[in-house]
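Asker: Please read through the structure below; I'll follow up with questions.
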Amino acid sequence: MKFVAEIREGLGISWNALISNKMRSALATLGIIIGIVTVTLMGAAINGLNQAFIKNVSALGADVFYVSRFKWFNNTYEDWLSMRKRKPLHLVDAEALTKQLTLAAVVVPAISDNDSVKYKTRSASSVDIIGTTDGYLQTSGGDIAQGRFLTAADGRGNQPICIIGNAVATNLFRGENPIGQRIRIANQSFQVIGVLGKQGNLLGWSLDNRVIIPIREFLSGIWNGQLDDIEVKAGKLANLDDAQNELRQVMRRIRHLRPDQPDDFAINQQDQLVAWFHSQTATIAVIGLFITSLALFVGGIGIMNIMFVSVVERTREIGVRKAIGAKRRTILLQFLIEAACICCFGGLIGLGIAWLATLAVTQWLFPASLSVGIVITAVLVALLTGVVAGFLPAWRAARMDPVEALRSE
Amino acid sequence: MSLIHLRNISRCYQMGAETIHALRDVSLEIQRGEYVAIMGPSGSGKSTLMNLIGCLDTPTAGHYELNGANVSEMDDNQLAEIRNREIGFVFQTFNLLSRSNALHNVELPLIYNGMAMEQRRRVALDALAQVGLADRVHHKPNELSGGQRQRVAVARALVNKPSLLLADEPTGNLDSRTGAEIMTLFEELSRKGNTLVLVTHEEDIAKHARRIIRLRDGLIASDEKQAAGPG
Ligand SMILES: Nc1ncnc2c1ncn2[C@@H]1O[C@H](COP(=O)(O)OP(=O)(O)OP(=O)(O)O)[C@@H](O)[C@H]1O
Ligand SMILES: [Mg+2]
């Protein structure tokens, strides 16, 4: 009861002090505001990236292997140079894999390029043009919103047909039905037979801004027979490790590697991407944490400073309170509450700014999202900073000699 | 048993190499219900004595018993508790909290002794009514006259029903008429059985008391009882 009354008294005092020194309080909280904005934005960014990533990474199935000349991650420049000298993958390799793999559900060759796409007078630039076969829908995790996908026959043949991504459909056709229409890619005409469902972004790369054409059609146009990668989806009942082992052995055989020779290809997987992603968010977290602690440190010094000013200004008041029975603990608590309040005030302003910033970042950069956990963390961090920074001034106030304090002007 | 019992109290201040003896070997007893005035020239140690009696300060040497409790051996917290429970202070400069209204100022000692909110409010309003400020409870100090401020201070000093009311030149910042009003208030409090000790420069004010102690250079120069004061 007594404690509650003292806390309420402390809050009342803090409120008075805050509103009678608005400018000073606001300036003093600048560091705290910056600290809280950083910690919140960092949290929101990681949170948002994670959410978006989890949603999108399913575009790469966990059971799909991406065979390529290049390892996806953790490459040094030298690695990259040597991988560039590796023998390219060819469509025949994919065909050989299809024949020889027993644990694979589907083997899909893929090659892509970047080009503009035209419909009548409208055009969309830098669209991913992907040449592939009918299995692509299984390895890429997409679905068909309208029309149909490539069939096995389409995959083997070279009719000028295409399936367009959701964004391409929206941008070029603007509400018109695209099915059966003809679009032009690199001065070649393709008939639209299907539209893909919306897939979103993967690491900022739009999965909807693409056009899929039969791989042999790609071949007849711009292609020199080399593939970007071969996507292999493991069979439903296959053990992933076994499937990967088999894939590696067959690849080595196809590429005529002697036992003493290292692989001249890489087998990439979604979980490498996940690991890489986590290392990226960890980097953001470390940088954010560094800025946050720096800002909070500076902010804490600022708070300590104005708390010292506040204590000196109110020396007489401290004397009066002690004369009528305030204990050291009471005075200590009073000033700690005041410091905590100022910091909370700064924290709330910081949260407000961070919220606006989150909206802006989501709009223009990448998805960021605030969560209850982040907000609570921010407030607690602000509170803690206040208590730590306010301790020294509060302690000085608590230890004041009442007679001296009462005598001060 | 006397309410206040000082035995051979000294209070020295060290100023560099020099030692200032604000009080030298003072012994003094004050009974419950007494009305005492402390007089003396400036620097004679009046305030020092009041601060010691009021447990705001501790003596350099000597023994002090208040209400049977040995104050000279208490720590900071115990002193705070004694001040809260046993002593009411009235200062020359009022010393009200400027941002709080009269009611909250008077409630403060009750907050520190942990009284529940409704009771606290009732008791504080009572004390304000006693000093004739029932209609000014929501005024802040700067919205009150000097005399009214001092009444708020008296109400604050009284609100905990202390054993002892201490006033260090309570009329020092008031004109003679409002000063007289405050003295009438003290008169009344004394009649109701409160123990009062007040410091003053003015003989007129001291005449209200039943006993006058005169200090000189930190020593008690005289200690006389007198008949009931005027009024
Ligand atoms: N904190 C201190 N440090 C040093 N000397 C002090 C201190 N407080 C009081 N003194 C000295 O002690 C002596 C007594 O002071 P005190 O305040 O008790 O006088 P007083 O009788 O109340 O005077 P006044 O009538 O002017 O208020 C003075 O000489 C004063 O200078
Ligand atoms: Mg004095």
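By order of appearance in the structure tokens: chains A, B, ..., then residues from 1 within every chain, and ligands from 1 in the order shown.
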At a cut-off of 9 Å, can you tabulate as a tab-separated table every residue of chain A near ligand 1 together with its closest atom pair and the distance in Å to one decimal, using only C-alpha atoms and all ligand atoms and ordering rows by chain then number?
Answerer:
```
residue	atom	partner	partner_atom_place_in_ligand_line	distance
A:Val403	CA	ligand 1	1 (N)	7.9
A:Glu404	CA	ligand 1	1 (N)	6.6
A:Arg407	CA	ligand 1	1 (N)	8.6
```
Asker: Please provide as a list in words all residues within 7 Å of Gly40 of chain B, with the sequence filter that same-chain residues fewer than 5 positions apart are discarded (counting only C-alpha atoms).
Answerer: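 Once the adjacent positions are removed, what remains is His201, Arg214, Leu215 and Arg216 of chain B.
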Asker: Could you list the protein, DNA and RNA residues that have any atom within 12 Å of ligand 2, counting only C-alpha atoms and all ligand atoms, and write them as a ChimeraX atom specification?
Answerer: /A:403,406-407 /B:22,38-51,91-93,167-170,172,198-201,215
Asker: Any chance you could tabulate, as JSON lines, the residues of segment 209-274 of chain A at most 9 Å from segment 36-57 of chain A with each one's nearest atom pair and distance in Å to one decimal, using only C-alpha atoms, in chain and rising number order?
Answerer:
```
{"residue": "A:Gln270", "atom": "CA", "partner": "A:Val57", "partner_atom": "CA", "distance": 7.4}
{"residue": "A:Leu273", "atom": "CA", "partner": "A:Val57", "partner_atom": "CA", "distance": 8.4}
{"residue": "A:Val274", "atom": "CA", "partner": "A:Val57", "partner_atom": "CA", "distance": 7.9}
```
Asker: Excluding Glu231 of chain A and residues on its chain fewer than 2 positions from it, collect all residues at most 6 Å away from it, counting only C-alpha atoms, and give them as an mmCIF file with N, CA and C atoms, in the first residue's frame.
Answerer:
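Writing the result to out.cif gives the following:
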```cif
data_model
loop_
_atom_site.group_PDB
_atom_site.id
_atom_site.type_symbol
_atom_site.label_atom_id
_atom_site.label_comp_id
_atom_site.auth_asym_id
_atom_site.auth_seq_id
_atom_site.Cartn_x
_atom_site.Cartn_y
_atom_site.Cartn_z
ATOM 1 N N PHE A 65 16.491 -30.393 -55.703
ATOM 2 C CA PHE A 65 17.923 -30.121 -55.846
ATOM 3 C C PHE A 65 18.137 -29.304 -57.097
ATOM 4 N N TYR A 66 18.992 -28.303 -56.985
ATOM 5 C CA TYR A 66 19.282 -27.454 -58.136
ATOM 6 C C TYR A 66 20.707 -27.753 -58.581
ATOM 7 N N VAL A 107 12.687 -34.427 -63.421
ATOM 8 C CA VAL A 107 13.923 -33.714 -63.729
ATOM 9 C C VAL A 107 13.561 -32.612 -64.710
ATOM 10 N N VAL A 108 13.908 -31.382 -64.330
ATOM 11 C CA VAL A 108 13.467 -30.254 -65.148
ATOM 12 C C VAL A 108 14.655 -29.387 -65.549
#
```
Asker: Please return as an MDAnalysis selection string: the residues of segment 74-225 of chain B that backbone DSSP assigns to helix (DSSP H, G or I).
Answerer: chainID B and resid 76:86 102:112 117:130 134:136 141:143 146:158 176:191 203:206
Asker: How close does each residue of chain B get to chain A, giving the shortest atom pair and distance in Å to one decimal for every residue with an atom at most 7 Å away, counting only C-alpha atoms, sorted by chain and residue number, as a tab-separated table?
Answerer:
```
residue	atom	partner	partner_atom	distance
B:Leu56	CA	A:Pro402	CA	6.2
B:Asp57	CA	A:Val403	CA	6.8
B:Asn77	CA	A:Lys327	CA	5.7
B:Ala80	CA	A:Gly325	CA	4.7
B:Glu81	CA	A:Gly325	CA	5.8
B:Arg83	CA	A:Gly325	CA	5.4
B:Asn84	CA	A:Gly325	CA	4.1
B:Asn95	CA	A:Val320	CA	6.5
B:Leu97	CA	A:Glu317	CA	6.7
B:Pro109	CA	A:Ile324	CA	5.7
B:Ile111	CA	A:Ala5	CA	6.3
B:Tyr112	CA	A:Ala326	CA	6.0
B:Gly114	CA	A:Lys2	CA	4.2
```
Asker: Keeping N, CA, C and O atoms for every residue in the selection just given, could you write it to a file as a compact mmCIF listing (two decimals), in the first residue's frame?
Answerer:
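Contents of part21.txt, as written:
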```txt
# COMPACT_ATOMS: atom_id res chain seq x y z
N LEU B 56 16.43 16.56 12.15
CA LEU B 56 16.95 16.78 10.80
C LEU B 56 18.46 16.66 10.82
O LEU B 56 19.09 16.44 9.80
N ASP B 57 19.01 16.84 12.02
CA ASP B 57 20.46 16.89 12.17
C ASP B 57 20.80 16.04 13.39
O ASP B 57 19.95 15.80 14.25
N ASN B 77 17.11 6.24 8.16
CA ASN B 77 15.74 5.80 7.94
C ASN B 77 14.87 5.99 9.17
O ASN B 77 13.73 6.42 9.09
N ALA B 80 14.02 9.56 9.60
CA ALA B 80 12.95 9.96 8.68
C ALA B 80 11.59 9.55 9.24
O ALA B 80 10.62 10.30 9.18
N GLU B 81 11.56 8.36 9.81
CA GLU B 81 10.30 7.87 10.37
C GLU B 81 9.86 8.72 11.57
O GLU B 81 8.68 9.06 11.70
N ARG B 83 10.68 11.85 12.13
CA ARG B 83 10.24 13.15 11.62
C ARG B 83 8.82 13.07 11.11
O ARG B 83 8.01 13.95 11.32
N ASN B 84 8.55 11.95 10.44
CA ASN B 84 7.22 11.80 9.88
C ASN B 84 6.14 11.65 10.96
O ASN B 84 5.06 12.21 10.86
N ASN B 95 8.17 26.72 2.40
CA ASN B 95 8.62 25.43 1.86
C ASN B 95 7.48 24.51 1.44
O ASN B 95 7.48 23.32 1.77
N LEU B 97 5.45 22.65 -1.77
CA LEU B 97 5.80 22.22 -3.13
C LEU B 97 5.00 23.07 -4.10
O LEU B 97 3.77 23.04 -4.11
N PRO B 109 2.80 14.18 4.06
CA PRO B 109 3.28 13.38 5.20
C PRO B 109 2.48 12.08 5.35
O PRO B 109 3.03 11.06 5.76
N ILE B 111 1.11 10.39 2.86
CA ILE B 111 1.58 9.48 1.81
C ILE B 111 2.81 8.74 2.32
O ILE B 111 2.93 7.52 2.17
N TYR B 112 3.70 9.50 2.97
CA TYR B 112 4.93 8.87 3.44
C TYR B 112 4.70 7.94 4.62
O TYR B 112 5.53 7.08 4.88
N GLY B 114 2.01 6.06 4.67
CA GLY B 114 1.28 4.94 4.09
C GLY B 114 -0.20 4.90 4.38
O GLY B 114 -0.82 3.83 4.32
```
Asker: Mind giving me the straight-line distance from atom CA of Ile82 of chain B to atom CA of Met117 of chain B in Å, one decimal?
Answerer: 21.7 Å
Asker: Can you pull out every residue within 8 Å of Gln191 of chain A, counting only C-alpha atoms, but drop anything in the same chain fewer than 3 positions away, and send it as a VMD selection string?
Answerer: chain A and resid 160 to 162 179 to 183
Asker: Counting only C-alpha atoms, which of B:Glu143, B:Met115, B:Ile87, B:His63 gets nearest to Ala102 of chain B?
Answerer: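 Comparing B:Glu143, B:Met115, B:Ile87, B:His63 against Ala102 of chain B, the winner is B:Glu143.
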